$ cat input_7.txt   # compact mmCIF, N, CA and C atoms
# COMPACT_ATOMS: atom_id res chain seq x y z
N MET M 1 110.14 81.23 97.37
CA MET M 1 110.37 81.51 98.76
C MET M 1 111.08 82.84 98.96
N LYS M 2 110.86 83.82 98.10
CA LYS M 2 111.57 85.08 98.21
C LYS M 2 111.24 85.78 99.52
N TYR M 3 110.06 85.53 100.11
CA TYR M 3 109.71 86.18 101.37
C TYR M 3 110.56 85.64 102.51
N PHE M 4 110.79 84.34 102.49
CA PHE M 4 111.61 83.73 103.53
C PHE M 4 113.06 84.17 103.40
N VAL M 5 113.59 84.07 102.20
CA VAL M 5 114.99 84.43 101.96
C VAL M 5 115.19 85.92 102.19
N GLY M 6 114.21 86.73 101.82
CA GLY M 6 114.33 88.17 101.96
C GLY M 6 114.47 88.66 103.38
N CYS M 7 114.18 87.80 104.35
CA CYS M 7 114.31 88.21 105.75
C CYS M 7 115.75 88.17 106.23
N PHE M 8 116.64 87.57 105.46
CA PHE M 8 118.02 87.46 105.88
C PHE M 8 118.85 88.59 105.30
N GLY M 9 120.09 88.64 105.70
CA GLY M 9 120.98 89.74 105.34
C GLY M 9 121.24 89.83 103.84
N PRO M 10 121.56 91.02 103.37
CA PRO M 10 121.80 91.24 101.94
C PRO M 10 122.99 90.45 101.41
N ALA M 11 123.99 90.23 102.24
CA ALA M 11 125.16 89.46 101.77
C ALA M 11 124.75 88.03 101.42
N ALA M 12 123.94 87.42 102.27
CA ALA M 12 123.48 86.05 102.02
C ALA M 12 122.58 86.00 100.79
N LEU M 13 121.69 86.95 100.69
CA LEU M 13 120.76 86.98 99.57
C LEU M 13 121.49 87.16 98.24
N ALA M 14 122.47 88.04 98.20
CA ALA M 14 123.21 88.31 96.96
C ALA M 14 123.92 87.06 96.47
N LYS M 15 124.41 86.23 97.37
CA LYS M 15 125.12 85.03 96.97
C LYS M 15 124.20 83.99 96.34
N PHE M 16 122.90 84.11 96.60
CA PHE M 16 121.96 83.12 96.11
C PHE M 16 120.97 83.69 95.09
N THR M 17 121.32 84.77 94.44
CA THR M 17 120.42 85.40 93.49
C THR M 17 120.00 84.44 92.38
N ASN M 18 120.91 83.65 91.86
CA ASN M 18 120.60 82.71 90.78
C ASN M 18 120.77 81.26 91.20
N TYR M 19 120.62 81.00 92.47
CA TYR M 19 120.84 79.65 93.01
C TYR M 19 119.51 79.06 93.43
N LYS M 20 119.28 77.83 93.10
CA LYS M 20 118.07 77.15 93.54
C LYS M 20 118.43 76.27 94.73
N PHE M 21 117.60 76.34 95.76
CA PHE M 21 117.85 75.54 96.94
C PHE M 21 116.51 75.15 97.54
N ASN M 22 116.54 74.16 98.41
CA ASN M 22 115.33 73.66 99.05
C ASN M 22 115.24 74.17 100.47
N ILE M 23 114.03 74.52 100.85
CA ILE M 23 113.74 74.90 102.22
C ILE M 23 112.46 74.15 102.62
N LEU M 24 112.50 73.44 103.72
CA LEU M 24 111.32 72.80 104.26
C LEU M 24 110.83 73.67 105.41
N LEU M 25 109.61 74.17 105.30
CA LEU M 25 109.03 75.05 106.31
C LEU M 25 107.88 74.33 106.98
N ILE M 26 107.86 74.35 108.31
CA ILE M 26 106.80 73.69 109.06
C ILE M 26 106.33 74.67 110.14
N ALA M 27 105.03 74.99 110.12
CA ALA M 27 104.50 75.89 111.14
C ALA M 27 102.98 75.80 111.15
N GLY M 28 102.42 76.13 112.27
CA GLY M 28 100.98 76.31 112.39
C GLY M 28 100.71 77.79 112.40
N VAL M 29 99.86 78.25 111.50
CA VAL M 29 99.57 79.68 111.38
C VAL M 29 98.06 79.87 111.51
N LEU M 30 97.67 80.81 112.35
CA LEU M 30 96.27 81.18 112.45
C LEU M 30 96.10 82.50 111.72
N ALA M 31 95.44 82.44 110.59
CA ALA M 31 95.20 83.64 109.78
C ALA M 31 93.70 83.90 109.74
N THR M 32 93.33 85.13 109.97
CA THR M 32 91.92 85.51 109.98
C THR M 32 91.72 86.67 109.01
N ALA M 33 90.78 86.50 108.10
CA ALA M 33 90.45 87.56 107.16
C ALA M 33 89.11 88.17 107.56
N THR M 34 89.07 89.48 107.63
CA THR M 34 87.81 90.18 107.85
C THR M 34 87.53 91.03 106.61
N TYR M 35 86.28 91.08 106.24
CA TYR M 35 85.90 91.84 105.04
C TYR M 35 84.43 92.21 105.12
N LYS M 36 84.07 93.22 104.40
CA LYS M 36 82.68 93.63 104.30
C LYS M 36 82.12 93.09 103.00
N TYR M 37 80.82 92.90 102.98
CA TYR M 37 80.18 92.50 101.73
C TYR M 37 78.85 93.22 101.61
N ASP M 38 78.43 93.39 100.38
CA ASP M 38 77.14 93.99 100.07
C ASP M 38 76.39 93.03 99.16
N LEU M 39 75.09 93.16 99.17
CA LEU M 39 74.26 92.42 98.22
C LEU M 39 73.89 93.38 97.09
N LYS M 40 74.17 92.97 95.87
CA LYS M 40 73.88 93.81 94.70
C LYS M 40 73.07 93.00 93.71
N THR M 41 72.09 93.65 93.12
CA THR M 41 71.23 93.00 92.14
C THR M 41 71.70 93.38 90.75
N ASP M 42 71.91 92.36 89.90
CA ASP M 42 72.38 92.63 88.54
C ASP M 42 71.20 92.98 87.62
N GLU M 43 71.52 93.22 86.35
CA GLU M 43 70.50 93.63 85.37
C GLU M 43 69.45 92.56 85.12
N LYS M 44 69.72 91.32 85.48
CA LYS M 44 68.75 90.23 85.30
C LYS M 44 67.89 90.01 86.54
N GLY M 45 68.12 90.84 87.58
CA GLY M 45 67.34 90.72 88.81
C GLY M 45 67.90 89.70 89.79
N VAL M 46 69.10 89.18 89.53
CA VAL M 46 69.72 88.19 90.42
C VAL M 46 70.60 88.93 91.44
N THR M 47 70.43 88.58 92.70
CA THR M 47 71.21 89.21 93.76
C THR M 47 72.51 88.45 93.97
N HIS M 48 73.62 89.21 93.97
CA HIS M 48 74.96 88.64 94.16
C HIS M 48 75.61 89.29 95.37
N SER M 49 76.52 88.57 95.97
CA SER M 49 77.33 89.14 97.05
C SER M 49 78.52 89.86 96.42
N HIS M 50 78.79 91.04 96.93
CA HIS M 50 79.99 91.79 96.51
C HIS M 50 80.92 91.80 97.72
N VAL M 51 82.05 91.13 97.60
CA VAL M 51 82.99 90.98 98.71
C VAL M 51 84.03 92.09 98.62
N GLY M 52 84.13 92.89 99.68
CA GLY M 52 85.07 94.00 99.72
C GLY M 52 86.48 93.54 100.06
N PRO M 53 87.40 94.49 100.15
CA PRO M 53 88.79 94.16 100.47
C PRO M 53 88.90 93.53 101.87
N GLU M 54 89.82 92.61 102.00
CA GLU M 54 89.99 91.93 103.27
C GLU M 54 91.16 92.53 104.06
N THR M 55 91.07 92.38 105.36
CA THR M 55 92.17 92.70 106.26
C THR M 55 92.58 91.38 106.90
N LEU M 56 93.84 91.08 106.83
CA LEU M 56 94.33 89.79 107.33
C LEU M 56 95.13 90.00 108.60
N THR M 57 94.82 89.20 109.61
CA THR M 57 95.66 89.14 110.81
C THR M 57 96.26 87.75 110.86
N CYS M 58 97.44 87.66 111.40
CA CYS M 58 98.16 86.39 111.36
C CYS M 58 99.01 86.25 112.61
N LYS M 59 99.07 85.03 113.14
CA LYS M 59 100.01 84.74 114.22
C LYS M 59 100.37 83.26 114.15
N LEU M 60 101.55 82.97 114.63
CA LEU M 60 101.99 81.58 114.69
C LEU M 60 101.35 80.92 115.90
N VAL M 61 100.93 79.68 115.75
CA VAL M 61 100.30 78.98 116.87
C VAL M 61 101.19 77.88 117.42
N ASP M 62 102.34 77.70 116.85
CA ASP M 62 103.33 76.77 117.39
C ASP M 62 104.71 77.27 117.00
N HIS M 63 105.71 76.54 117.36
CA HIS M 63 107.08 76.96 117.05
C HIS M 63 107.44 76.51 115.65
N PRO M 64 107.69 77.47 114.74
CA PRO M 64 108.02 77.10 113.37
C PRO M 64 109.41 76.47 113.30
N SER M 65 109.54 75.61 112.35
CA SER M 65 110.86 75.02 112.12
C SER M 65 111.14 75.05 110.63
N ASN M 66 112.41 74.95 110.31
CA ASN M 66 112.78 74.90 108.91
C ASN M 66 114.04 74.07 108.76
N GLU M 67 114.16 73.50 107.60
CA GLU M 67 115.37 72.78 107.22
C GLU M 67 115.88 73.46 105.96
N LEU M 68 117.07 73.99 106.05
CA LEU M 68 117.64 74.71 104.92
C LEU M 68 118.63 73.85 104.17
N ASP M 69 118.75 74.13 102.90
CA ASP M 69 119.78 73.52 102.07
C ASP M 69 121.12 73.73 102.78
N PRO M 70 121.96 72.68 102.90
CA PRO M 70 123.23 72.83 103.64
C PRO M 70 124.11 73.97 103.13
N GLU M 71 124.19 74.16 101.82
CA GLU M 71 125.01 75.24 101.29
C GLU M 71 124.44 76.61 101.67
N PHE M 72 123.12 76.72 101.62
CA PHE M 72 122.48 77.97 102.02
C PHE M 72 122.68 78.22 103.52
N GLN M 73 122.54 77.17 104.32
CA GLN M 73 122.75 77.29 105.76
C GLN M 73 124.17 77.77 106.06
N GLN M 74 125.15 77.25 105.33
CA GLN M 74 126.54 77.67 105.52
C GLN M 74 126.71 79.14 105.18
N THR M 75 126.09 79.57 104.09
CA THR M 75 126.18 80.97 103.71
C THR M 75 125.55 81.87 104.76
N LEU M 76 124.40 81.46 105.29
CA LEU M 76 123.78 82.24 106.36
C LEU M 76 124.66 82.30 107.60
N SER M 77 125.30 81.20 107.92
CA SER M 77 126.18 81.15 109.09
C SER M 77 127.34 82.13 108.95
N ASN M 78 127.73 82.42 107.73
CA ASN M 78 128.84 83.33 107.48
C ASN M 78 128.39 84.76 107.19
N ASP M 79 127.09 84.99 107.12
CA ASP M 79 126.56 86.30 106.78
C ASP M 79 126.68 87.25 107.98
N ALA M 80 127.27 88.41 107.74
CA ALA M 80 127.50 89.37 108.83
C ALA M 80 126.19 89.82 109.48
N ASP M 81 125.16 90.08 108.68
CA ASP M 81 123.88 90.51 109.25
C ASP M 81 123.24 89.39 110.07
N ALA M 82 123.21 88.19 109.50
CA ALA M 82 122.56 87.07 110.17
C ALA M 82 123.24 86.74 111.49
N LYS M 83 124.55 86.95 111.59
CA LYS M 83 125.27 86.66 112.83
C LYS M 83 124.82 87.55 113.98
N THR M 84 124.26 88.71 113.66
CA THR M 84 123.84 89.64 114.71
C THR M 84 122.44 89.35 115.23
N TYR M 85 121.71 88.44 114.62
CA TYR M 85 120.33 88.16 115.01
C TYR M 85 120.29 87.34 116.29
N ASN M 86 119.58 87.86 117.29
CA ASN M 86 119.36 87.08 118.50
C ASN M 86 118.10 86.23 118.31
N GLU M 87 117.76 85.43 119.30
CA GLU M 87 116.61 84.53 119.16
C GLU M 87 115.31 85.28 118.90
N GLU M 88 115.16 86.44 119.54
CA GLU M 88 113.95 87.24 119.35
C GLU M 88 113.83 87.72 117.90
N LYS M 89 114.93 88.17 117.33
CA LYS M 89 114.93 88.65 115.94
C LYS M 89 114.64 87.49 114.98
N VAL M 90 115.24 86.34 115.23
CA VAL M 90 114.99 85.17 114.38
C VAL M 90 113.51 84.78 114.44
N ALA M 91 112.93 84.78 115.65
CA ALA M 91 111.50 84.45 115.79
C ALA M 91 110.63 85.46 115.05
N GLU M 92 110.99 86.74 115.15
CA GLU M 92 110.24 87.78 114.44
C GLU M 92 110.30 87.58 112.92
N LEU M 93 111.47 87.27 112.41
CA LEU M 93 111.64 87.06 110.97
C LEU M 93 110.87 85.82 110.50
N LYS M 94 110.90 84.77 111.31
CA LYS M 94 110.15 83.57 110.94
C LYS M 94 108.66 83.87 110.88
N GLU M 95 108.15 84.58 111.89
CA GLU M 95 106.73 84.89 111.89
C GLU M 95 106.35 85.73 110.68
N LYS M 96 107.15 86.74 110.36
CA LYS M 96 106.88 87.56 109.18
C LYS M 96 106.87 86.71 107.91
N SER M 97 107.82 85.80 107.82
CA SER M 97 107.92 84.96 106.62
C SER M 97 106.71 84.05 106.48
N PHE M 98 106.37 83.34 107.56
CA PHE M 98 105.24 82.42 107.49
C PHE M 98 103.93 83.17 107.27
N CYS M 99 103.78 84.33 107.89
CA CYS M 99 102.56 85.11 107.70
C CYS M 99 102.46 85.68 106.29
N LYS M 100 103.58 86.01 105.69
CA LYS M 100 103.57 86.50 104.30
C LYS M 100 103.10 85.38 103.36
N ILE M 101 103.55 84.17 103.62
CA ILE M 101 103.10 83.02 102.82
C ILE M 101 101.60 82.81 103.02
N ALA M 102 101.12 82.87 104.28
CA ALA M 102 99.69 82.71 104.55
C ALA M 102 98.88 83.82 103.89
N GLU M 103 99.41 85.04 103.90
CA GLU M 103 98.73 86.17 103.26
C GLU M 103 98.55 85.92 101.76
N LYS M 104 99.59 85.42 101.12
CA LYS M 104 99.50 85.13 99.68
C LYS M 104 98.45 84.06 99.41
N ALA M 105 98.42 83.03 100.25
CA ALA M 105 97.43 81.96 100.08
C ALA M 105 96.02 82.49 100.31
N TYR M 106 95.83 83.29 101.35
CA TYR M 106 94.52 83.85 101.65
C TYR M 106 94.06 84.78 100.54
N THR M 107 94.96 85.58 100.00
CA THR M 107 94.61 86.49 98.91
C THR M 107 94.06 85.71 97.72
N TYR M 108 94.72 84.62 97.38
CA TYR M 108 94.27 83.77 96.28
C TYR M 108 92.89 83.19 96.60
N PHE M 109 92.70 82.72 97.81
CA PHE M 109 91.43 82.17 98.26
C PHE M 109 90.32 83.21 98.16
N MET M 110 90.60 84.43 98.63
CA MET M 110 89.59 85.48 98.60
C MET M 110 89.26 85.89 97.17
N GLN M 111 90.23 85.88 96.28
CA GLN M 111 89.96 86.18 94.88
C GLN M 111 88.99 85.15 94.29
N ASN M 112 89.15 83.90 94.67
CA ASN M 112 88.24 82.85 94.20
C ASN M 112 86.83 83.08 94.73
N ILE M 113 86.71 83.48 95.98
CA ILE M 113 85.39 83.77 96.54
C ILE M 113 84.74 84.94 95.80
N ARG M 114 85.51 85.98 95.54
CA ARG M 114 84.98 87.14 94.80
C ARG M 114 84.47 86.74 93.42
N GLU M 115 85.25 85.94 92.72
CA GLU M 115 84.86 85.50 91.38
C GLU M 115 83.60 84.64 91.43
N ALA M 116 83.53 83.73 92.39
CA ALA M 116 82.34 82.89 92.53
C ALA M 116 81.12 83.74 92.87
N ALA M 117 81.30 84.74 93.74
CA ALA M 117 80.18 85.60 94.14
C ALA M 117 79.62 86.39 92.97
N LYS M 118 80.45 86.70 91.98
CA LYS M 118 79.98 87.41 90.79
C LYS M 118 79.09 86.52 89.93
N GLU M 119 79.37 85.22 89.94
CA GLU M 119 78.69 84.30 89.04
C GLU M 119 77.49 83.60 89.68
N VAL M 120 77.54 83.41 90.98
CA VAL M 120 76.54 82.59 91.67
C VAL M 120 75.64 83.50 92.50
N PRO M 121 74.35 83.25 92.49
CA PRO M 121 73.44 84.06 93.33
C PRO M 121 73.83 83.97 94.81
N SER M 122 73.59 85.07 95.52
CA SER M 122 73.96 85.10 96.94
C SER M 122 73.21 84.04 97.74
N SER M 123 72.03 83.63 97.28
CA SER M 123 71.27 82.60 97.99
C SER M 123 72.00 81.25 97.97
N ASP M 124 72.94 81.06 97.05
CA ASP M 124 73.74 79.83 97.04
C ASP M 124 74.84 79.87 98.11
N PHE M 125 75.17 81.08 98.59
CA PHE M 125 76.18 81.24 99.63
C PHE M 125 75.55 81.32 101.02
N PHE M 126 74.44 82.06 101.11
CA PHE M 126 73.84 82.38 102.40
C PHE M 126 72.36 82.02 102.39
N THR M 127 71.82 81.79 103.59
CA THR M 127 70.38 81.61 103.73
C THR M 127 69.88 82.64 104.74
N ASN M 128 68.63 82.99 104.62
CA ASN M 128 67.99 83.95 105.53
C ASN M 128 68.68 85.30 105.56
N ILE M 129 69.09 85.79 104.41
CA ILE M 129 69.69 87.12 104.32
C ILE M 129 68.71 88.03 103.59
N GLU M 130 68.53 89.21 104.14
CA GLU M 130 67.64 90.20 103.49
C GLU M 130 68.41 91.44 103.18

$ encode --input "input_7.txt" --output "structure tokens"
Amino acid sequence: MKYFVGCFGPAALAKFTNYKFNILLIAGVLATATYKYDLKTDEKGVTHSHVGPETLTCKLVDHPSNELDPEFQQTLSNDADAKTYNEEKVAELKEKSFCKIAEKAYTYFMQNIREAAKEVPSSDFFTNIE
């Protein structure tokens, strides 16, 4: 959860460098990946899809919530930087954190699609493509 923790002040983060704690994160995230693809024929005459780099957009679709480890929550409550955060800043940090997690998941998903596209003919993915 370094992305979530990294959104808070350096004083809080430094205190937990070697500390393990639990965070329960709950949110609805709408993530959309756009990418280009080409059809390429290999040396055996089989056509494969080549999936290009993706661009990810992300937004929260509900109000995220979290439950922090009590000791970590206490440290955040005492953190000078965290004390200055208004509701808007907290909402911004939560959205960045949840979207970073979604981005990591989508990246893994897209890597799997790329690998499958290298091995499986494009006709197994799509129909009526020329």

$ atom_distance --input "input_7.txt" --atom1 "atom CA of Met110 of chain M" --atom2 "atom N of Glu54 of chain M"
7.9 Å

$ select_by_dssp --input "input_7.txt" --residues "segment 24-119 of chain M" --states "strand (DSSP E)" --output "PyMOL selection string"
chain M and resi 24-26+29-41+47-60+65-68

$ write_last_selection --input "input_7.txt" --atoms "N, CA and C atoms" --output "CSV table (one decimal), in the coordinates of the input"
chain,number,residue,atom,x,y,z
M,24,LEU,N,112.5,73.4,103.7
M,24,LEU,CA,111.3,72.8,104.3
M,24,LEU,C,110.8,73.7,105.4
M,25,LEU,N,109.6,74.2,105.3
M,25,LEU,CA,109.0,75.0,106.3
M,25,LEU,C,107.9,74.3,107.0
M,26,ILE,N,107.9,74.4,108.3
M,26,ILE,CA,106.8,73.7,109.1
M,26,ILE,C,106.3,74.7,110.1
M,29,VAL,N,99.9,78.2,111.5
M,29,VAL,CA,99.6,79.7,111.4
M,29,VAL,C,98.1,79.9,111.5
M,30,LEU,N,97.7,80.8,112.4
M,30,LEU,CA,96.3,81.2,112.4
M,30,LEU,C,96.1,82.5,111.7
M,31,ALA,N,95.4,82.4,110.6
M,31,ALA,CA,95.2,83.6,109.8
M,31,ALA,C,93.7,83.9,109.7
M,32,THR,N,93.3,85.1,110.0
M,32,THR,CA,91.9,85.5,110.0
M,32,THR,C,91.7,86.7,109.0
M,33,ALA,N,90.8,86.5,108.1
M,33,ALA,CA,90.4,87.6,107.2
M,33,ALA,C,89.1,88.2,107.6
M,34,THR,N,89.1,89.5,107.6
M,34,THR,CA,87.8,90.2,107.8
M,34,THR,C,87.5,91.0,106.6
M,35,TYR,N,86.3,91.1,106.2
M,35,TYR,CA,85.9,91.8,105.0
M,35,TYR,C,84.4,92.2,105.1
M,36,LYS,N,84.1,93.2,104.4
M,36,LYS,CA,82.7,93.6,104.3
M,36,LYS,C,82.1,93.1,103.0
M,37,TYR,N,80.8,92.9,103.0
M,37,TYR,CA,80.2,92.5,101.7
M,37,TYR,C,78.8,93.2,101.6
M,38,ASP,N,78.4,93.4,100.4
M,38,ASP,CA,77.1,94.0,100.1
M,38,ASP,C,76.4,93.0,99.2
M,39,LEU,N,75.1,93.2,99.2
M,39,LEU,CA,74.3,92.4,98.2
M,39,LEU,C,73.9,93.4,97.1
M,40,LYS,N,74.2,93.0,95.9
M,40,LYS,CA,73.9,93.8,94.7
M,40,LYS,C,73.1,93.0,93.7
M,41,THR,N,72.1,93.6,93.1
M,41,THR,CA,71.2,93.0,92.1
M,41,THR,C,71.7,93.4,90.8
M,47,THR,N,70.4,88.6,92.7
M,47,THR,CA,71.2,89.2,93.8
M,47,THR,C,72.5,88.4,94.0
M,48,HIS,N,73.6,89.2,94.0
M,48,HIS,CA,75.0,88.6,94.2
M,48,HIS,C,75.6,89.3,95.4
M,49,SER,N,76.5,88.6,96.0
M,49,SER,CA,77.3,89.1,97.0
M,49,SER,C,78.5,89.9,96.4
M,50,HIS,N,78.8,91.0,96.9
M,50,HIS,CA,80.0,91.8,96.5
M,50,HIS,C,80.9,91.8,97.7
M,51,VAL,N,82.0,91.1,97.6
M,51,VAL,CA,83.0,91.0,98.7
M,51,VAL,C,84.0,92.1,98.6
M,52,GLY,N,84.1,92.9,99.7
M,52,GLY,CA,85.1,94.0,99.7
M,52,GLY,C,86.5,93.5,100.1
M,53,PRO,N,87.4,94.5,100.2
M,53,PRO,CA,88.8,94.2,100.5
M,53,PRO,C,88.9,93.5,101.9
M,54,GLU,N,89.8,92.6,102.0
M,54,GLU,CA,90.0,91.9,103.3
M,54,GLU,C,91.2,92.5,104.1
M,55,THR,N,91.1,92.4,105.4
M,55,THR,CA,92.2,92.7,106.3
M,55,THR,C,92.6,91.4,106.9
M,56,LEU,N,93.8,91.1,106.8
M,56,LEU,CA,94.3,89.8,107.3
M,56,LEU,C,95.1,90.0,108.6
M,57,THR,N,94.8,89.2,109.6
M,57,THR,CA,95.7,89.1,110.8
M,57,THR,C,96.3,87.8,110.9
M,58,CYS,N,97.4,87.7,111.4
M,58,CYS,CA,98.2,86.4,111.4
M,58,CYS,C,99.0,86.2,112.6
M,59,LYS,N,99.1,85.0,113.1
M,59,LYS,CA,100.0,84.7,114.2
M,59,LYS,C,100.4,83.3,114.2
M,60,LEU,N,101.6,83.0,114.6
M,60,LEU,CA,102.0,81.6,114.7
M,60,LEU,C,101.4,80.9,115.9
M,65,SER,N,109.5,75.6,112.4
M,65,SER,CA,110.9,75.0,112.1
M,65,SER,C,111.1,75.0,110.6
M,66,ASN,N,112.4,75.0,110.3
M,66,ASN,CA,112.8,74.9,108.9
M,66,ASN,C,114.0,74.1,108.8
M,67,GLU,N,114.2,73.5,107.6
M,67,GLU,CA,115.4,72.8,107.2
M,67,GLU,C,115.9,73.5,106.0
M,68,LEU,N,117.1,74.0,106.0
M,68,LEU,CA,117.6,74.7,104.9
M,68,LEU,C,118.6,73.8,104.2

$ closest_residue --input "input_7.txt" --among "M:Asn112, M:Ser65, M:Ser122, M:Ser77" --to "Ile26 of chain M" --atoms "only C-alpha atoms"
M:Ser65

$ residues_around --input "input_7.txt" --residues "Thr47 of chain M" --least-positions-apart "4" --cutoff "6.5 Å" --atoms "all atoms listed in the file" --output "list in words"
Leu39, Lys40, Thr41, Asp42, Val120, Pro121, Ser122 and Ser123 of chain M

$ axis_aligned_box --input "input_7.txt" --around "segment 67-85 of chain M" --padding-each-side "3 Å" --output "lines of an AutoDock Vina configuration file"
center_x = 121.5
center_y = 81.6
center_z = 108.8
size_x = 20.7
size_y = 23.8
size_z = 21.0

$ select_by_dssp --input "input_7.txt" --residues "chain M" --states "alpha helix (DSSP H)" --output "NGL selection string"
:M and (2-5 or 10-15 or 70-78 or 80-83 or 87-119)

$ residues_near_point --input "input_7.txt" --point "(96.2, 84.0, 115.4)" --cutoff "7 Å" --atoms "only N, CA and C atoms" --output "PyMOL selection string"
chain M and resi 29-32+57-61

$ atom_distance --input "input_7.txt" --atom1 "atom CA of His48 of chain M" --atom2 "atom CA of Ala117 of chain M"
6.0 Å

$ closest_residue --input "input_7.txt" --among "M:Ser49, M:Asp38, M:Leu25, M:Cys99" --to "Phe125 of chain M" --atoms "only C-alpha atoms"
M:Ser49

$ atom_distance --input "input_7.txt" --atom1 "atom CA of Asp124 of chain M" --atom2 "atom CA of Tyr35 of chain M"
18.9 Å

$ closest_residue --input "input_7.txt" --among "M:Pro64, M:Ile113, M:Pro70, M:Pro53" --to "Ser97 of chain M" --atoms "only C-alpha atoms"
M:Pro64

$ closest_residue --input "input_7.txt" --among "M:Glu103, M:Leu76, M:Lys36, M:Glu67" --to "Leu24 of chain M" --atoms "only N, CA and C atoms"
M:Glu67

$ closest_residue --input "input_7.txt" --among "M:Gly28, M:Phe98, M:Lys44, M:Glu119" --to "His63 of chain M" --atoms "only N, CA and C atoms"
M:Gly28

$ build_atoms --input "input_7.txt" --residues "segment 122-128 of chain M" --atoms "all heavy atoms" --output "tab-separated table (two decimals), in the coordinates of the input"
chain	number	residue	atom	x	y	z
M	122	SER	N	73.59	85.07	95.52
M	122	SER	CA	73.96	85.10	96.94
M	122	SER	C	73.21	84.04	97.74
M	122	SER	O	73.71	83.57	98.75
M	122	SER	CB	73.68	86.49	97.54
M	122	SER	OG	72.32	86.80	97.42
M	123	SER	N	72.03	83.63	97.28
M	123	SER	CA	71.27	82.60	97.99
M	123	SER	C	72.00	81.25	97.97
M	123	SER	O	71.71	80.39	98.81
M	123	SER	CB	69.87	82.44	97.37
M	123	SER	OG	69.98	82.09	95.99
M	124	ASP	N	72.94	81.06	97.05
M	124	ASP	CA	73.74	79.83	97.04
M	124	ASP	C	74.84	79.87	98.11
M	124	ASP	O	75.39	78.84	98.47
M	124	ASP	CB	74.38	79.60	95.67
M	124	ASP	CG	73.37	79.16	94.63
M	124	ASP	OD1	72.17	78.97	94.98
M	124	ASP	OD2	73.75	79.03	93.45
M	125	PHE	N	75.17	81.08	98.59
M	125	PHE	CA	76.18	81.24	99.63
M	125	PHE	C	75.55	81.32	101.02
M	125	PHE	O	76.07	80.79	101.98
M	125	PHE	CB	76.99	82.53	99.42
M	125	PHE	CG	78.06	82.41	98.38
M	125	PHE	CD1	77.82	82.84	97.08
M	125	PHE	CD2	79.31	81.90	98.70
M	125	PHE	CE1	78.81	82.75	96.12
M	125	PHE	CE2	80.29	81.81	97.74
M	125	PHE	CZ	80.05	82.23	96.45
M	126	PHE	N	74.44	82.06	101.11
M	126	PHE	CA	73.84	82.38	102.40
M	126	PHE	C	72.36	82.02	102.39
M	126	PHE	O	71.72	82.01	101.35
M	126	PHE	CB	73.96	83.89	102.70
M	126	PHE	CG	75.35	84.41	102.60
M	126	PHE	CD1	75.75	85.19	101.52
M	126	PHE	CD2	76.28	84.15	103.60
M	126	PHE	CE1	77.04	85.70	101.43
M	126	PHE	CE2	77.57	84.64	103.52
M	126	PHE	CZ	77.94	85.42	102.45
M	127	THR	N	71.82	81.79	103.59
M	127	THR	CA	70.38	81.61	103.73
M	127	THR	C	69.88	82.64	104.74
M	127	THR	O	70.64	83.12	105.59
M	127	THR	CB	70.03	80.19	104.25
M	127	THR	OG1	70.71	79.97	105.49
M	127	THR	CG2	70.45	79.13	103.24
M	128	ASN	N	68.63	82.99	104.62
M	128	ASN	CA	67.99	83.95	105.53
M	128	ASN	C	68.68	85.30	105.56
M	128	ASN	O	68.81	85.91	106.62
M	128	ASN	CB	67.90	83.36	106.95
M	128	ASN	CG	67.09	82.10	106.99
M	128	ASN	OD1	66.11	81.95	106.26
M	128	ASN	ND2	67.50	81.16	107.81
